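Note sheet for the following structure.
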Amino acid sequence: MTDSCSPPHLLLVYPSTHKLGWAKYFQLPSLSLKQVAAATPVTWHVTLADELHDSVPFDGEFTLVGITAMTHQASRAYEIADAFRERGVPVVMGGIHPTVLPEEALTHADAVVIGEAEPVWETLLDDLLHGKLQSIYRAPLPTGDLLSVPWGRREIFAGKRYLTTQTLQASRGCPYDCPFCIVTPYFGSSFRYREPADIAAEIQSFDNKLTVFLDDNILGDPGRAKPILERMKGLGIRWGGQANLRFAEDPELVRLVADSGCIGIFVGIESVTGLHANHPKTANGSSQADLIKRIRDAGIVLEASIIFGFDDHDESIFEKTLRFLEETTPSLPTFHLLTPYPGTSLFKQFDEEGRLLHKDWKRYNHSEVVFRPRLMTAERLYRGWLEARKEAYSWSAIFSRIKANPRGLFTNLAYNILRKGPNDKLGKENS
Ligand code: B12
């Protein structure tokens, strides 16, 4: 603990389950902790320990330790929390896993923040300093369509090398309510956008051109996204973000995305069999192939994310998906194993049907099958996933994608080559 004269000291910890080698320099730092730091009063000294880069300073003098956790990080987060509490340092946990399972997190922490930190964080810190820390701080479920958050506190990343620390959000929330996703139930069923002027001002405070938006779906509401993109046009940045394919139904939006400096967009195709009839995320009118082509023709790198393991997937899904990718040729595909995260309707369904193989959270990582698939064995699903990755990153598949995406040729080639290594080899260690 610090003495009463020195400023209170907060240690924020990003737990890591594995070491990454050189690849750690190409990661994005935790936006969650950047925003928790930003919401912390300036009277506090804030230090970050990102386990990808640092060892956790267990013997440092801290007033409070704050730990974030997605589900696959939870076990490591609990180990770290236990070690600090053994030394008498209070621990608060936040992030998606403690938000969904606060009682579990409280067996390792003194307090848990449920939901977004901004509305409750100052109260929590004040309570701590006055010796009346509560165990649960529950932020209200977000409503409305406006988002007001402080600019991220980037200086906590000083001295560490990342792809960029220039990450931000233009919006939070998503109404689509996909069964495997946690966003709608916990972060609100509307798109909440920041004021375009505030976003542009934050971007202008950046030193370099590369900017990454970490929204759930930055283009989800075209009417709100367009004024933001209009402002970005003049800023000379190069940006990447995540959206859903339907944005390409609006040719004006696609043009604005390209003109505002977008170099790459990550899109959840999810399943080539469609999510379910009439799901709002599934494009209607234009085919997925048309939309992918429209993005490609605008010179935007499109990363198409595919998930294997839905209940209508049998062994033919791997072949169907590979043929779909051959026909539509997005710049690069990524493949995930369906993972029923706690708090989602998928988790509830599989739990009720007795189909969860275990609740060992560190294995809920998109690279292991943690449930019994309906139309094939878990082993077949795992093998099909590995084989599809290998085939999609064969040289011939890469070259046909590059040929179909002549604009941005070098960027496309570089992305594909970087991805080839991890996708190429069969075996658990490469997943
Ligand atoms: C951006 C993003 C990413 C980026 C992360 C970039 C980065 N380093 O910041 C990238 C693309 C790398 C990514 C990767 C993955 N992601 Co992701 N990602 C998101 C997304 C869309 C936004 C997260 C975010 O930064 N939000 C902005 C911040 C400010 O909000 P926040 O994280 O909620 O944090 C707030 C509160 O939770 C709270 N809080 C958070 N931590 C703490 C800590 C303390 C002490 C306190 C007090 C409060 C607090 O306060 C914060 C400010 O309000 C979310 C969806 C979502 N809305 O959560 C999915 C999400 C977090 N990702 C998810 C997953 C599964 C993954 C992957 C495992 C997928 C994969 N296999 O590829 C990987 C894991 C990567 C890893 N590092 O291990 C899941 C997690 C589900 C779960 N239960 O674990 C989510 C929820 C998406 C979903 N569909 O369900 N992801």
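Within each chain, counting starts at residue 1; across the structure tokens, chains are named A, B, ... in the order shown, with ligands numbered 1 upward in that order.
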How would you report the residues lying within 7 Å of ligand 1, as a PyMOL selection string, if you count only C-alpha atoms and all ligand atoms? chain A and resi 12+27-33+35-36+66-72+92-97+113+115-118+121+169+172-173+180-183+187+214-216+336+341-342+365-367
All strand (DSSP E or B) residues (DSSP, backbone) inside segment 128-359 of chain A, as a PyMOL selection string: chain A and resi 136-138+146+167-168+171-172+192-193+210-213+238-243+262-270+301-308+332-337+356
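The protein and nucleic acid residues lying at most 7 Å from segment 262-265 of chain A are Arg238, Trp239, Gly240, Gly241, Gln242, Ala243, Val257, Ala258, Ile300, Val301, Leu302 and Glu303 of chain A, with only C-alpha atoms considered and sequence neighbours fewer than 3 positions away removed.
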Would you kindly return, as an MDAnalysis selection string, each protein, DNA or RNA residue with an atom no farther than 10 Å from any atom of Gly268 of chain A, considering only C-alpha atoms and excluding same-chain residues fewer than 5 positions away? chainID A and resid 217 242:245 281 303:307 334
Output N, CA, C and O atoms of each residue in that selection to a file, as a compact mmCIF listing (two decimals), in the first residue's frame.
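Saved to result_2.txt:
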```txt
# COMPACT_ATOMS: atom_id res chain seq x y z
N ASN A 217 -19.48 -2.42 -34.58
CA ASN A 217 -19.89 -2.35 -35.99
C ASN A 217 -19.94 -0.87 -36.38
O ASN A 217 -20.99 -0.23 -36.27
N GLN A 242 -14.17 -2.72 -38.00
CA GLN A 242 -15.02 -3.91 -38.10
C GLN A 242 -16.45 -3.49 -38.42
O GLN A 242 -16.95 -2.53 -37.84
N ALA A 243 -17.06 -4.18 -39.37
CA ALA A 243 -18.45 -3.83 -39.73
C ALA A 243 -19.16 -5.09 -40.17
O ALA A 243 -18.60 -6.18 -40.08
N ASN A 244 -20.39 -4.96 -40.66
CA ASN A 244 -21.00 -6.14 -41.24
C ASN A 244 -21.28 -5.88 -42.71
O ASN A 244 -21.39 -4.73 -43.15
N LEU A 245 -21.35 -6.96 -43.47
CA LEU A 245 -21.32 -6.86 -44.92
C LEU A 245 -22.40 -5.96 -45.49
O LEU A 245 -22.25 -5.39 -46.57
N LYS A 281 -28.70 -9.38 -39.97
CA LYS A 281 -27.31 -9.27 -40.38
C LYS A 281 -27.08 -9.91 -41.76
O LYS A 281 -26.06 -9.70 -42.39
N GLU A 303 -11.42 -8.53 -44.85
CA GLU A 303 -11.12 -9.74 -44.10
C GLU A 303 -12.45 -10.39 -43.75
O GLU A 303 -13.27 -9.81 -43.04
N ALA A 304 -12.69 -11.59 -44.30
CA ALA A 304 -13.98 -12.24 -44.12
C ALA A 304 -13.88 -13.29 -43.02
O ALA A 304 -13.11 -14.25 -43.12
N SER A 305 -14.64 -13.10 -41.96
CA SER A 305 -14.55 -14.01 -40.82
C SER A 305 -15.63 -15.08 -40.90
O SER A 305 -16.80 -14.80 -41.07
N ILE A 306 -15.18 -16.33 -40.79
CA ILE A 306 -16.06 -17.49 -40.95
C ILE A 306 -16.05 -18.28 -39.64
O ILE A 306 -15.00 -18.44 -39.02
N ILE A 307 -17.22 -18.78 -39.26
CA ILE A 307 -17.30 -19.62 -38.05
C ILE A 307 -17.80 -21.01 -38.47
O ILE A 307 -18.77 -21.12 -39.21
N THR A 334 -10.65 -15.51 -42.40
CA THR A 334 -10.21 -16.05 -41.11
C THR A 334 -11.26 -17.04 -40.64
O THR A 334 -12.45 -16.85 -40.89
```
Could you give me, as a PyMOL selection string, each residue of segment 212-318 of chain A that DSSP assigns to alpha helix (DSSP H) when run on this structure's backbone? chain A and resi 222-233+251-259+288-297+317-318
Write out, as a compact mmCIF listing (two decimals), in the first residue's frame, the residues just selected, with N, CA, C and O atoms.
```
# COMPACT_ATOMS: atom_id res chain seq x y z
N PRO A 222 -25.77 3.55 -41.18
CA PRO A 222 -25.14 4.36 -42.23
C PRO A 222 -25.37 5.86 -42.05
O PRO A 222 -24.47 6.67 -42.26
N GLY A 223 -26.57 6.23 -41.60
CA GLY A 223 -26.89 7.65 -41.44
C GLY A 223 -25.99 8.32 -40.40
O GLY A 223 -25.68 9.52 -40.51
N ARG A 224 -25.57 7.57 -39.39
CA ARG A 224 -24.70 8.13 -38.34
C ARG A 224 -23.24 8.02 -38.75
O ARG A 224 -22.41 8.85 -38.35
N ALA A 225 -22.92 6.98 -39.53
CA ALA A 225 -21.51 6.76 -39.90
C ALA A 225 -21.05 7.78 -40.95
O ALA A 225 -19.90 8.23 -40.93
N LYS A 226 -21.96 8.16 -41.86
CA LYS A 226 -21.54 9.02 -42.98
C LYS A 226 -20.93 10.36 -42.54
O LYS A 226 -19.86 10.74 -43.03
N PRO A 227 -21.55 11.10 -41.61
CA PRO A 227 -20.93 12.37 -41.21
C PRO A 227 -19.54 12.18 -40.57
O PRO A 227 -18.67 13.04 -40.71
N ILE A 228 -19.35 11.05 -39.93
CA ILE A 228 -18.03 10.77 -39.32
C ILE A 228 -17.01 10.55 -40.43
O ILE A 228 -15.91 11.12 -40.42
N LEU A 229 -17.39 9.76 -41.43
CA LEU A 229 -16.48 9.48 -42.55
C LEU A 229 -16.20 10.75 -43.34
O LEU A 229 -15.06 10.98 -43.78
N GLU A 230 -17.22 11.58 -43.52
CA GLU A 230 -17.04 12.86 -44.23
C GLU A 230 -15.93 13.66 -43.56
O GLU A 230 -15.05 14.20 -44.22
N ARG A 231 -15.98 13.73 -42.22
CA ARG A 231 -14.96 14.50 -41.51
C ARG A 231 -13.58 13.87 -41.62
O ARG A 231 -12.56 14.54 -41.65
N MET A 232 -13.56 12.53 -41.68
CA MET A 232 -12.27 11.84 -41.73
C MET A 232 -11.57 12.02 -43.07
O MET A 232 -10.35 11.87 -43.17
N LYS A 233 -12.38 12.33 -44.10
CA LYS A 233 -11.82 12.46 -45.46
C LYS A 233 -10.64 13.42 -45.51
O LYS A 233 -9.66 13.17 -46.18
N PRO A 251 -23.94 2.02 -51.99
CA PRO A 251 -22.71 2.35 -52.74
C PRO A 251 -22.08 3.66 -52.28
O PRO A 251 -20.86 3.78 -52.27
N GLU A 252 -22.90 4.62 -51.85
CA GLU A 252 -22.34 5.90 -51.39
C GLU A 252 -21.51 5.68 -50.12
O GLU A 252 -20.44 6.27 -49.94
N LEU A 253 -22.00 4.79 -49.24
CA LEU A 253 -21.26 4.50 -48.01
C LEU A 253 -19.92 3.83 -48.35
O LEU A 253 -18.88 4.18 -47.77
N VAL A 254 -19.94 2.90 -49.30
CA VAL A 254 -18.70 2.22 -49.68
C VAL A 254 -17.68 3.24 -50.19
O VAL A 254 -16.50 3.22 -49.83
N ARG A 255 -18.16 4.18 -51.02
CA ARG A 255 -17.26 5.19 -51.57
C ARG A 255 -16.68 6.06 -50.44
O ARG A 255 -15.48 6.33 -50.38
N LEU A 256 -17.54 6.43 -49.51
CA LEU A 256 -17.08 7.26 -48.39
C LEU A 256 -16.05 6.51 -47.52
O LEU A 256 -15.08 7.10 -47.04
N VAL A 257 -16.31 5.22 -47.32
CA VAL A 257 -15.37 4.40 -46.52
C VAL A 257 -14.00 4.45 -47.19
O VAL A 257 -12.97 4.71 -46.54
N ALA A 258 -13.98 4.24 -48.52
CA ALA A 258 -12.70 4.24 -49.24
C ALA A 258 -12.08 5.64 -49.22
O ALA A 258 -10.89 5.80 -48.91
N ASP A 259 -12.88 6.67 -49.49
CA ASP A 259 -12.35 8.05 -49.57
C ASP A 259 -11.85 8.56 -48.22
O ASP A 259 -11.03 9.47 -48.15
N GLN A 288 -24.21 -11.96 -51.24
CA GLN A 288 -22.96 -11.70 -50.52
C GLN A 288 -21.82 -11.50 -51.52
O GLN A 288 -20.95 -10.66 -51.32
N ALA A 289 -21.87 -12.27 -52.63
CA ALA A 289 -20.81 -12.15 -53.65
C ALA A 289 -20.78 -10.74 -54.24
O ALA A 289 -19.71 -10.14 -54.40
N ASP A 290 -21.97 -10.18 -54.52
CA ASP A 290 -22.02 -8.81 -55.08
C ASP A 290 -21.44 -7.80 -54.10
O ASP A 290 -20.72 -6.87 -54.48
N LEU A 291 -21.79 -7.98 -52.83
CA LEU A 291 -21.34 -7.00 -51.83
C LEU A 291 -19.82 -7.08 -51.64
O LEU A 291 -19.14 -6.06 -51.54
N ILE A 292 -19.32 -8.31 -51.63
CA ILE A 292 -17.86 -8.48 -51.48
C ILE A 292 -17.15 -7.83 -52.66
O ILE A 292 -16.16 -7.12 -52.51
N LYS A 293 -17.70 -8.02 -53.86
CA LYS A 293 -17.08 -7.45 -55.06
C LYS A 293 -17.08 -5.93 -54.99
O LYS A 293 -16.10 -5.28 -55.33
N ARG A 294 -18.18 -5.38 -54.51
CA ARG A 294 -18.28 -3.92 -54.44
C ARG A 294 -17.19 -3.34 -53.50
O ARG A 294 -16.58 -2.32 -53.79
N ILE A 295 -16.94 -4.03 -52.40
CA ILE A 295 -15.91 -3.57 -51.45
C ILE A 295 -14.53 -3.69 -52.09
O ILE A 295 -13.69 -2.78 -52.02
N ARG A 296 -14.32 -4.83 -52.73
CA ARG A 296 -13.05 -5.10 -53.40
C ARG A 296 -12.78 -4.05 -54.48
O ARG A 296 -11.70 -3.50 -54.57
N ASP A 297 -13.82 -3.74 -55.29
CA ASP A 297 -13.64 -2.78 -56.38
C ASP A 297 -13.33 -1.38 -55.85
O ASP A 297 -12.77 -0.55 -56.57
N ILE A 317 -19.81 -28.64 -44.76
CA ILE A 317 -19.68 -27.19 -44.58
C ILE A 317 -18.28 -26.68 -44.97
O ILE A 317 -18.13 -25.58 -45.49
N PHE A 318 -17.28 -27.53 -44.77
CA PHE A 318 -15.90 -27.08 -45.05
C PHE A 318 -15.72 -26.86 -46.55
O PHE A 318 -15.20 -25.83 -46.97
```
Leu357 of chain A: which residues within 7 Å, counting only C-alpha atoms, same-chain residues fewer than 3 positions away excluded, as a PyMOL selection string? chain A and resi 370-372
Got time to write the residues from that selection, C-alpha atoms, as a PDB file, in the first residue's frame?
```pdb
ATOM      1  CA  VAL A 370     -15.829 -27.013 -26.337  1.00  0.00           C
ATOM      2  CA  PHE A 371     -19.275 -28.398 -27.209  1.00  0.00           C
ATOM      3  CA  ARG A 372     -20.838 -31.382 -28.942  1.00  0.00           C
TER       4      ARG A 372
END
```
Test item: residues at most 9 Å from Ala392 of chain A, only C-alpha atoms, excluding those fewer than 5 positions along its chain, as a PyMOL selection string: chain A and resi 322+325-326+332-333+387+397-398+420+423-424
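As for atom CA of Arg323 of chain A and atom CA of Arg246 of chain A, they are spaced 21.3 Å apart.
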Using only C-alpha atoms, which residues sit within 12 Å of Glu319 of chain A once same-chain residues fewer than 5 positions away are excluded, as a PyMOL selection string? chain A and resi 272+308+313-314+324-326+384-385+387-389+391-392
Using only C-alpha atoms, which of the listed residues (A:Phe310, A:Phe213, A:Trp22, A:Phe191) sits closest to Leu147 of chain A? A:Phe191
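You can rank A:Val149, A:Leu418, A:Val369, A:Val13 by their closest distance to Gln73 of chain A using only C-alpha atoms, and at the top of that list sits A:Val13.
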